[in-house]
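The data block below is upload_12.csv; it holds CSV, C-alpha atoms.
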```csv
chain,number,residue,atom,x,y,z
L,11,MET,CA,0.0,0.0,0.0
L,12,ASP,CA,1.2,3.5,-0.7
L,13,SER,CA,2.9,4.9,2.4
L,14,ARG,CA,1.2,8.3,1.9
L,15,PHE,CA,-2.0,6.9,3.3
L,16,THR,CA,-1.0,7.0,7.0
L,17,HIS,CA,-4.4,7.8,8.6
L,18,PRO,CA,-6.4,4.6,9.7
L,19,LEU,CA,-9.5,5.7,7.8
L,20,LEU,CA,-7.7,6.6,4.6
L,21,SER,CA,-5.6,3.5,4.9
L,22,SER,CA,-8.8,1.5,5.0
L,23,PHE,CA,-10.0,3.2,1.8
L,24,ALA,CA,-6.6,2.7,0.2
L,25,ASP,CA,-6.5,-1.0,1.0
L,26,SER,CA,-9.9,-1.5,-0.5
L,27,LEU,CA,-8.9,0.5,-3.6
L,28,ASP,CA,-5.7,-1.6,-4.0
L,29,GLU,CA,-7.7,-4.9,-3.8
L,30,SER,CA,-10.3,-3.7,-6.2
L,31,LEU,CA,-7.7,-2.5,-8.8
L,32,ALA,CA,-5.8,-5.8,-8.4
L,33,SER,CA,-9.0,-7.7,-9.1
L,34,ASP,CA,-9.6,-5.7,-12.3
L,35,ALA,CA,-6.2,-6.6,-13.6
L,36,ASP,CA,-6.6,-10.3,-12.7
L,37,LEU,CA,-10.0,-10.5,-14.4
L,38,GLU,CA,-8.6,-9.0,-17.6
L,39,ARG,CA,-5.9,-11.6,-17.6
L,40,GLY,CA,-8.5,-14.3,-16.9
L,41,GLU,CA,-6.7,-15.5,-13.8
L,42,LEU,CA,-9.5,-15.4,-11.3
L,43,HIS,CA,-12.4,-16.7,-13.4
L,44,PRO,CA,-11.1,-18.0,-16.8
L,45,HIS,CA,-14.5,-18.7,-18.1
L,46,LYS,CA,-16.0,-15.3,-17.2
L,47,PRO,CA,-14.9,-12.2,-19.0
L,48,ALA,CA,-14.1,-9.0,-17.1
L,49,SER,CA,-17.2,-6.8,-16.6
L,50,HIS,CA,-17.4,-3.0,-16.4
L,51,PRO,CA,-19.4,-2.9,-13.1
L,52,VAL,CA,-16.1,-3.9,-11.3
L,53,ARG,CA,-14.4,-0.9,-12.8
L,54,ARG,CA,-17.3,1.3,-11.7
L,55,VAL,CA,-17.0,0.1,-8.1
L,56,SER,CA,-13.3,1.0,-8.2
L,57,ALA,CA,-14.1,4.4,-9.6
L,58,LEU,CA,-16.8,4.8,-6.8
L,59,ARG,CA,-14.2,4.1,-4.2
L,60,ILE,CA,-11.8,6.7,-5.7
L,61,LEU,CA,-14.7,9.2,-5.6
L,62,CYS,CA,-15.4,8.4,-2.0
L,63,ILE,CA,-11.8,9.1,-1.0
L,64,GLY,CA,-11.9,12.3,-2.9
L,65,LEU,CA,-15.1,13.5,-1.3
L,66,ALA,CA,-13.8,12.6,2.2
L,67,LEU,CA,-10.6,14.6,1.6
L,68,MET,CA,-12.6,17.6,0.3
L,69,VAL,CA,-14.9,17.5,3.3
L,70,SER,CA,-12.0,17.3,5.7
L,71,ALA,CA,-10.2,20.1,4.0
L,72,SER,CA,-13.3,22.3,4.0
L,73,LEU,CA,-13.9,21.8,7.7
L,74,TYR,CA,-10.2,22.2,8.4
L,75,PHE,CA,-10.1,25.7,6.8
L,76,ALA,CA,-13.5,26.6,8.3
L,77,VAL,CA,-12.1,25.8,11.8
L,78,GLN,CA,-8.7,27.4,11.2
L,79,PHE,CA,-10.1,30.8,10.1
L,80,ALA,CA,-13.3,31.0,12.2
L,81,THR,CA,-13.7,34.0,14.5
L,82,ILE,CA,-14.4,33.1,18.1
L,83,ASN,CA,-16.6,35.4,20.1
L,84,VAL,CA,-16.3,35.5,23.9
L,85,ARG,CA,-19.0,37.9,25.2
L,86,PRO,CA,-20.4,38.5,28.7
L,87,CYS,CA,-24.0,37.5,29.1
L,88,GLY,CA,-26.3,38.0,32.1
L,89,SER,CA,-24.8,40.0,35.0
L,90,THR,CA,-21.5,41.9,34.4
L,91,SER,CA,-18.6,42.5,36.6
L,92,VAL,CA,-15.5,44.7,36.3
L,93,ASN,CA,-13.5,41.9,37.9
L,94,ALA,CA,-14.2,39.5,35.1
L,95,SER,CA,-11.1,37.7,33.6
L,96,LEU,CA,-12.4,37.7,30.0
L,97,PRO,CA,-13.8,41.1,29.0
L,98,GLU,CA,-15.9,41.4,25.8
L,99,VAL,CA,-13.6,40.9,22.9
L,100,ARG,CA,-13.5,39.2,19.5
L,101,LEU,CA,-10.6,36.8,19.7
L,102,LYS,CA,-9.4,34.8,16.7
L,103,ARG,CA,-7.2,31.7,16.7
L,104,MET,CA,-8.2,28.1,16.3
L,105,VAL,CA,-5.5,25.5,15.9
L,106,LEU,CA,-4.9,21.8,15.4
L,107,PRO,CA,-8.2,20.1,14.5
L,108,TRP,CA,-7.8,16.3,14.4
L,109,PHE,CA,-10.1,14.7,11.9
L,110,PHE,CA,-11.8,11.3,12.1
L,111,ASN,CA,-10.6,10.8,15.6
L,112,TRP,CA,-13.3,10.5,18.2
L,113,LYS,CA,-10.9,9.8,21.1
L,114,THR,CA,-9.0,13.1,21.2
L,115,ALA,CA,-10.7,16.2,22.4
L,116,GLN,CA,-12.0,15.9,26.0
L,117,GLY,CA,-9.9,18.1,28.2
L,118,VAL,CA,-6.8,20.3,28.3
L,119,ALA,CA,-4.2,21.4,30.9
L,120,SER,CA,-1.1,23.5,30.6
L,121,ASP,CA,2.1,24.5,32.2
L,122,ALA,CA,4.6,27.2,31.1
L,123,LYS,CA,5.8,25.3,28.1
L,124,TYR,CA,3.3,22.6,27.1
L,125,LEU,CA,-0.3,21.9,26.5
L,126,TYR,CA,-1.7,18.5,27.5
L,127,PHE,CA,-4.9,17.1,25.9
L,128,SER,CA,-6.9,14.3,27.2
L,129,GLY,CA,-9.0,12.0,25.0
L,130,ARG,CA,-11.3,9.2,26.1
L,131,ASN,CA,-8.3,7.0,26.7
L,132,SER,CA,-5.3,9.1,25.7
L,133,ILE,CA,-3.1,12.0,26.7
L,134,ARG,CA,-1.1,14.0,24.3
L,135,LYS,CA,1.7,16.5,25.1
L,136,ILE,CA,2.1,19.4,22.7
L,137,ARG,CA,4.7,22.2,22.7
L,138,ILE,CA,3.1,25.7,22.7
L,139,ASP,CA,4.4,26.9,19.4
L,140,ARG,CA,3.1,27.9,16.0
L,141,PHE,CA,2.9,24.4,14.8
L,142,ALA,CA,1.6,22.8,18.0
L,143,THR,CA,4.3,20.2,17.8
L,144,THR,CA,3.5,16.8,19.5
L,145,VAL,CA,6.2,15.9,22.0
L,146,ARG,CA,4.7,12.7,23.4
L,147,ASN,CA,1.5,10.7,23.0
L,148,ASN,CA,0.1,8.0,25.2
L,149,PRO,CA,-2.8,6.5,23.3
L,150,SER,CA,-3.7,4.0,26.1
L,151,ALA,CA,-3.4,6.3,29.1
L,152,ILE,CA,-5.9,4.4,31.4
L,153,PRO,CA,-3.9,1.6,33.0
L,154,GLN,CA,-5.0,-1.9,32.0
L,155,GLU,CA,-6.0,-2.9,35.5
L,156,LEU,CA,-8.5,0.0,35.4
L,157,VAL,CA,-9.7,-0.9,31.9
L,158,ALA,CA,-10.4,-4.4,33.2
L,159,ASN,CA,-12.6,-2.8,35.8
L,160,ASP,CA,-14.6,-0.9,33.1
L,161,TYR,CA,-12.9,2.5,33.3
L,162,ASP,CA,-13.0,4.0,29.9
L,163,HIS,CA,-13.3,7.8,29.9
L,164,LEU,CA,-10.9,10.6,30.8
L,165,GLY,CA,-12.5,14.1,31.4
L,166,ASP,CA,-11.1,17.6,31.6
L,167,ILE,CA,-7.6,17.4,33.1
L,168,SER,CA,-5.6,20.0,35.1
L,169,MET,CA,-2.1,20.5,36.6
L,170,TYR,CA,-1.2,20.6,40.2
L,171,ASN,CA,2.2,20.3,42.0
L,172,GLY,CA,3.9,19.1,38.8
L,173,LYS,CA,1.3,16.3,38.1
L,174,ILE,CA,-1.5,15.9,35.6
L,175,ILE,CA,-4.8,15.5,37.6
L,176,ALA,CA,-7.2,13.4,35.5
L,177,PRO,CA,-10.9,12.5,36.3
L,178,VAL,CA,-11.7,9.0,35.0
L,179,GLU,CA,-15.2,7.5,34.7
L,180,ASP,CA,-16.4,4.0,34.5
L,181,LYS,CA,-18.9,2.7,31.9
L,182,ALA,CA,-21.8,2.6,34.5
L,183,TRP,CA,-21.1,6.1,35.8
L,184,VAL,CA,-21.1,4.9,39.5
L,185,ARG,CA,-17.5,5.0,40.8
L,186,PRO,CA,-15.3,7.7,39.3
L,187,ILE,CA,-11.6,8.0,40.2
L,188,ILE,CA,-8.8,10.5,40.0
L,189,VAL,CA,-5.6,9.3,38.3
L,190,GLU,CA,-2.4,11.3,38.6
L,191,TYR,CA,0.1,11.3,35.6
L,192,ASP,CA,3.7,12.2,35.2
L,193,PRO,CA,3.8,15.0,32.6
L,194,LYS,CA,7.3,13.9,31.4
L,195,ASN,CA,6.3,10.5,30.1
L,196,LEU,CA,2.4,10.6,30.5
L,197,SER,CA,2.4,7.5,32.6
L,198,ALA,CA,0.0,6.9,35.5
L,199,VAL,CA,1.4,7.4,39.0
L,200,ARG,CA,-1.5,6.6,41.2
L,201,SER,CA,-5.3,6.4,41.3
L,202,GLN,CA,-7.9,7.0,44.0
L,203,ARG,CA,-11.7,6.6,44.3
L,204,VAL,CA,-13.7,9.8,44.5
L,205,PRO,CA,-16.5,9.3,47.1
L,206,SER,CA,-20.1,10.5,46.7
L,207,GLN,CA,-20.0,11.2,42.9
L,208,ARG,CA,-21.3,9.3,39.9
L,209,HIS,CA,-20.0,11.5,37.2
L,210,LEU,CA,-16.7,13.3,37.2
L,211,PRO,CA,-16.4,15.4,34.0
L,212,TRP,CA,-13.6,17.7,35.3
L,213,ALA,CA,-11.2,18.2,38.2
L,214,ALA,CA,-9.1,21.1,39.3
L,215,VAL,CA,-7.0,21.5,42.5
L,216,LYS,CA,-6.2,24.7,44.3
L,217,GLU,CA,-4.5,25.1,47.7
L,218,ASP,CA,-4.8,21.4,48.4
L,219,VAL,CA,-8.6,21.2,47.7
L,220,LEU,CA,-9.9,19.3,44.7
L,221,TYR,CA,-13.0,20.7,42.9
L,222,SER,CA,-15.4,19.0,40.6
L,223,SER,CA,-19.1,18.7,39.8
L,224,GLU,CA,-21.8,16.3,38.6
L,225,SER,CA,-23.1,16.1,35.1
L,226,PRO,CA,-25.2,16.4,32.9
L,227,VAL,CA,-26.8,18.8,35.4
L,228,ALA,CA,-24.7,20.6,38.1
L,229,ARG,CA,-26.2,22.7,40.8
L,230,GLU,CA,-23.1,22.7,43.1
L,231,ILE,CA,-19.4,22.4,43.1
L,232,LYS,CA,-18.0,19.4,44.9
L,233,ARG,CA,-15.0,19.8,47.1
L,234,TYR,CA,-12.5,17.3,48.6
L,235,ARG,CA,-9.3,17.7,50.7
L,236,TRP,CA,-6.3,16.9,48.5
L,237,PRO,CA,-4.8,14.3,48.3
L,238,THR,CA,-6.9,12.3,50.8
L,239,LEU,CA,-10.2,13.2,49.0
L,240,GLU,CA,-12.0,13.7,52.3
L,241,PRO,CA,-15.3,15.4,51.4
L,242,LEU,CA,-15.8,19.1,52.2
L,243,PRO,CA,-19.0,21.1,52.1
L,244,PRO,CA,-20.1,21.8,48.5
L,245,ILE,CA,-20.6,25.2,47.0
L,246,LYS,CA,-24.0,26.1,45.6
L,247,THR,CA,-24.0,27.4,42.1
L,248,ASN,CA,-26.5,28.3,39.3
L,249,THR,CA,-27.8,25.4,37.3
L,250,ILE,CA,-25.2,24.3,34.7
L,251,ARG,CA,-26.4,22.1,31.9
L,252,GLY,CA,-23.7,19.7,30.6
L,253,ALA,CA,-20.8,20.8,32.9
L,254,GLN,CA,-17.7,19.7,31.0
L,255,GLY,CA,-14.5,21.6,32.1
L,256,GLY,CA,-13.1,23.6,35.0
L,257,GLU,CA,-9.9,25.4,35.7
L,258,PHE,CA,-8.6,28.1,38.0
L,259,ASP,CA,-7.2,31.3,36.4
L,260,THR,CA,-3.8,31.0,38.2
L,261,ALA,CA,-2.3,33.4,35.7
L,262,GLY,CA,-4.8,36.1,36.5
L,263,SER,CA,-7.7,36.6,38.9
L,264,GLY,CA,-7.5,33.2,40.5
L,265,ASN,CA,-11.2,32.6,39.8
L,266,LEU,CA,-12.7,29.3,38.7
L,267,LEU,CA,-14.0,29.1,35.1
L,268,LEU,CA,-16.4,26.4,34.1
L,269,SER,CA,-17.4,25.3,30.6
L,270,ALA,CA,-20.7,23.7,29.6
L,271,SER,CA,-21.7,21.8,26.5
L,272,TYR,CA,-25.2,23.4,26.5
L,273,ALA,CA,-26.1,27.1,26.7
L,274,ASP,CA,-28.6,28.2,29.4
L,275,GLU,CA,-31.7,30.4,28.8
L,276,GLN,CA,-29.5,33.5,28.4
L,277,GLY,CA,-27.2,31.8,26.0
L,278,CYS,CA,-24.3,31.4,28.5
L,279,ASN,CA,-22.0,28.4,28.3
L,280,MET,CA,-19.0,29.5,30.4
L,281,TYR,CA,-19.1,30.7,34.0
L,282,GLU,CA,-16.6,32.5,36.3
L,283,TYR,CA,-16.8,32.2,40.1
L,284,ASP,CA,-14.9,34.2,42.6
L,285,SER,CA,-12.6,31.8,44.4
L,286,LYS,CA,-13.1,33.5,47.7
L,287,THR,CA,-16.8,34.3,47.9
L,288,TRP,CA,-17.9,31.7,45.3
L,289,LYS,CA,-20.3,34.2,43.9
L,290,LEU,CA,-20.9,34.2,40.1
L,291,VAL,CA,-18.6,37.0,38.8
L,292,GLN,CA,-19.5,36.7,35.1
L,293,ALA,CA,-21.2,34.4,32.6
L,294,TYR,CA,-20.0,34.2,29.1
L,295,SER,CA,-21.3,33.2,25.7
L,296,LEU,CA,-18.6,31.5,23.6
L,297,SER,CA,-19.8,31.0,20.1
L,298,THR,CA,-18.3,30.1,16.7
L,299,PRO,CA,-19.7,30.0,13.2
L,300,LEU,CA,-19.7,26.3,13.6
L,301,LYS,CA,-22.5,26.2,16.1
L,302,PHE,CA,-22.6,22.4,16.2
L,303,PHE,CA,-19.3,22.2,18.0
L,304,GLU,CA,-19.7,21.0,21.6
L,305,LEU,CA,-17.5,22.9,24.2
L,306,GLU,CA,-15.4,20.5,26.3
L,307,GLY,CA,-12.5,21.3,28.6
L,308,LEU,CA,-10.5,24.5,29.1
L,309,THR,CA,-7.2,25.8,30.6
L,310,ILE,CA,-5.8,29.3,31.2
L,311,LEU,CA,-2.3,30.6,30.4
L,312,PRO,CA,-0.9,34.1,31.0
L,313,SER,CA,-1.8,35.3,27.5
L,314,HIS,CA,-4.1,32.5,26.2
L,315,LEU,CA,-7.3,30.6,26.9
L,316,ALA,CA,-7.3,27.1,25.4
L,317,LEU,CA,-10.4,25.0,25.0
L,318,THR,CA,-11.3,21.7,23.4
L,319,ALA,CA,-14.5,21.2,21.3
L,320,ASN,CA,-15.9,18.5,19.2
L,321,LEU,CA,-18.5,17.9,16.5
L,322,TYR,CA,-20.6,15.0,17.6
L,323,ASP,CA,-17.5,13.1,18.7
L,324,LEU,CA,-16.2,13.0,15.0
L,325,PHE,CA,-14.3,16.2,14.3
L,326,GLN,CA,-12.2,17.7,17.1
L,327,ALA,CA,-10.8,21.2,17.5
L,328,ILE,CA,-8.3,22.8,19.8
L,329,ILE,CA,-9.2,26.4,20.3
L,330,VAL,CA,-6.5,28.9,21.5
L,331,LEU,CA,-7.7,32.4,22.2
L,332,ASP,CA,-5.3,35.2,22.6
L,333,ARG,CA,-6.0,37.1,25.9
L,334,SER,CA,-3.4,39.8,25.1
L,335,GLU,CA,-5.8,41.4,22.7
L,336,SER,CA,-8.3,42.3,25.5
```
This entry written out as structure tokens:
Amino acid sequence: MDSRFTHPLLSSFADSLDESLASDADLERGELHPHKPASHPVRRVSALRILCIGLALMVSASLYFAVQFATINVRPCGSTSVNASLPEVRLKRMVLPWFFNWKTAQGVASDAKYLYFSGRNSIRKIRIDRFATTVRNNPSAIPQELVANDYDHLGDISMYNGKIIAPVEDKAWVRPIIVEYDPKNLSAVRSQRVPSQRHLPWAAVKEDVLYSSESPVAREIKRYRWPTLEPLPPIKTNTIRGAQGGEFDTAGSGNLLLSASYADEQGCNMYEYDSKTWKLVQAYSLSTPLKFFELEGLTILPSHLALTANLYDLFQAIIVLDRSES
């Protein structure tokens, strides 16, 4: 097979194409069925497969450029506050969509040099540069002993004390755990059961307290002493539909930002809470021309806000917004 077809989906198309073309040649030589002449329908099937490959490439290219050059709008909605971390501004930069990979865009974390992306069962380490260079990838990040116990889904990750903090859910959504990873080699260090929660879509740690919430409907923020995970009193919030990601703005206000896959009645799908009073500072509407993208995880850098989004678990996008323009 031609080494140019490196993607699994395109490789599958290419293998079928090679087999079909070989069959045409053998039929013409009379090697497969000596008593049956070659027929044109076989050639038409081969042409159809070529057409399918071409259409798939065209659709991928169209969506790629649509994502790359889309303008992202982050606007306050609902109550406003002068202490908000993200003032009203039109920000533009979307990078690195991964096509035909439904296991990539779940969550994102960052340190001063790298971005870390979690998939359903993967963690990818990317250098923060123009080309978003992949440094390391662990396609099977959930340890096998956990996979054997039906754990199959990583959520929105975060960084704390030099470790990646990853929420991991089981198939039945009854016993989520936290897994710590070494950011150098993306290997699991330890895991621990999170009490009194069924869903664990995101996790963030600040000052030795771990924060998370339930999903698909969250009405409070869960808190646990870190690293023992002793339950602490929860924080009441507004109703959040489809809570997906959470991160503290350690590069700025110190406030907690939460992302949601569904907008509320006012069109808000991102929320900022004061980390001292836990009052809602600001709600935001984050929209793109591609309205069918589902907002997933988020992380905050000194000059950027990075988010993950997906299109029905098929097309993934990593969104990096430049905060320096605000």
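Shell of Arg235 in chain L at 12 Å, with all atoms listed in the file counted and residues fewer than 6 places along the chain excluded, is Val204, Pro205, Ala214, Val215, Lys216, Glu217, Asp218, Val219, Leu220, Tyr221, Ser222, Pro241, Leu242, Pro243 and Pro244 of chain L.
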- prompt: Looking at all atoms listed in the file, which of L:Gly307, L:Pro186, L:Gly264, L:Pro86 is the one that sits closest to Lys286 in chain L?
  reply: L:Gly264
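Closest to Leu239 in chain L among L:Arg203, L:Arg59, L:Arg85, L:Arg130 is L:Arg203, based on only C-alpha atoms.
Nearest to Ala119 in chain L of all the residues L:Ile175, L:Met68, L:Leu61, L:Ile245 is L:Ile175, based on all atoms listed in the file.
Using only C-alpha atoms, the smallest distance between any of L:Ile231, L:Val189, L:Leu267, L:Ser285 and Ala316 in chain L comes from L:Leu267.
From CA of Gln116 in chain L back to CA of Thr249 in chain L, the distance works out to 21.6 Å.
As for CA of Tyr124 in chain L and CA of Arg137 in chain L, they are spaced 4.6 Å apart.
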field: Distance query Thr318 in chain L at most 7 Å, only C-alpha atoms, self and fewer than 3 positions along chain excluded, as number ranges by chain
entry: L: 115-118, 305-308, 327-329
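Between CA of Leu266 in chain L and CA of Glu282 in chain L the interatomic distance comes to 5.6 Å.
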message: Please list as a list of chain:residue names every residue within 9 Å of Ala253 in chain L, counting only C-alpha atoms and excluding residues in the same chain fewer than 5 positions away.
response: L:Pro211, L:Trp212, L:Ser223, L:Glu224, L:Ser225, L:Pro226, L:Val227, L:Ala228, L:Leu268, L:Ser269, L:Ala270, L:Ser271, L:Tyr272, L:Asn279, L:Glu306
Mind dumping the selected residues with C-alpha atoms as a PDB file, keeping the file's coordinate frame?
```pdb
ATOM      1  CA  PRO L 211     -16.400  15.400  34.000  1.00  0.00           C
ATOM      2  CA  TRP L 212     -13.600  17.700  35.300  1.00  0.00           C
ATOM      3  CA  SER L 223     -19.100  18.700  39.800  1.00  0.00           C
ATOM      4  CA  GLU L 224     -21.800  16.300  38.600  1.00  0.00           C
ATOM      5  CA  SER L 225     -23.100  16.100  35.100  1.00  0.00           C
ATOM      6  CA  PRO L 226     -25.200  16.400  32.900  1.00  0.00           C
ATOM      7  CA  VAL L 227     -26.800  18.800  35.400  1.00  0.00           C
ATOM      8  CA  ALA L 228     -24.700  20.600  38.100  1.00  0.00           C
ATOM      9  CA  LEU L 268     -16.400  26.400  34.100  1.00  0.00           C
ATOM     10  CA  SER L 269     -17.400  25.300  30.600  1.00  0.00           C
ATOM     11  CA  ALA L 270     -20.700  23.700  29.600  1.00  0.00           C
ATOM     12  CA  SER L 271     -21.700  21.800  26.500  1.00  0.00           C
ATOM     13  CA  TYR L 272     -25.200  23.400  26.500  1.00  0.00           C
ATOM     14  CA  ASN L 279     -22.000  28.400  28.300  1.00  0.00           C
ATOM     15  CA  GLU L 306     -15.400  20.500  26.300  1.00  0.00           C
TER      16      GLU L 306
END
```
Could you list, with a cut-off of 9 Å and counting only C-alpha atoms, the residues of range 248-306 of chain L near range 160-170 of chain L, each shown with its nearest atom pair and the distance in Å rounded to one decimal, rows sorted by chain and ascending number, as JSON lines?
```
{"residue": "L:Gln254", "atom": "CA", "partner": "L:Asp166", "partner_atom": "CA", "distance": 7.0}
{"residue": "L:Gly255", "atom": "CA", "partner": "L:Asp166", "partner_atom": "CA", "distance": 5.3}
{"residue": "L:Gly256", "atom": "CA", "partner": "L:Asp166", "partner_atom": "CA", "distance": 7.2}
{"residue": "L:Glu257", "atom": "CA", "partner": "L:Ser168", "partner_atom": "CA", "distance": 6.9}
{"residue": "L:Glu306", "atom": "CA", "partner": "L:Asp166", "partner_atom": "CA", "distance": 7.4}
```
Is there a way to get, as a PDB file with C-alpha atoms, in the coordinates of the input, all residues within 8 Å of the point (-26.2, 32.5, 27.5) in file coordinates, counting only C-alpha atoms?
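Done, and the output landed in point.pdb:
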```pdb
ATOM      1  CA  CYS L  87     -24.000  37.500  29.100  1.00  0.00           C
ATOM      2  CA  GLY L  88     -26.300  38.000  32.100  1.00  0.00           C
ATOM      3  CA  ALA L 273     -26.100  27.100  26.700  1.00  0.00           C
ATOM      4  CA  ASP L 274     -28.600  28.200  29.400  1.00  0.00           C
ATOM      5  CA  GLU L 275     -31.700  30.400  28.800  1.00  0.00           C
ATOM      6  CA  GLN L 276     -29.500  33.500  28.400  1.00  0.00           C
ATOM      7  CA  GLY L 277     -27.200  31.800  26.000  1.00  0.00           C
ATOM      8  CA  CYS L 278     -24.300  31.400  28.500  1.00  0.00           C
ATOM      9  CA  ASN L 279     -22.000  28.400  28.300  1.00  0.00           C
ATOM     10  CA  ALA L 293     -21.200  34.400  32.600  1.00  0.00           C
ATOM     11  CA  TYR L 294     -20.000  34.200  29.100  1.00  0.00           C
ATOM     12  CA  SER L 295     -21.300  33.200  25.700  1.00  0.00           C
TER      13      SER L 295
END
```
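With distances restricted to all atoms listed in the file, L:Leu331 is the closest residue to Val84 in chain L from L:Leu58, L:Ile133, L:Leu331, L:Ala66.
Comparing L:Thr247, L:Leu317, L:His209, L:Asn159 by their smallest distance to Tyr283 in chain L, the closest is L:Thr247 (using all atoms listed in the file).
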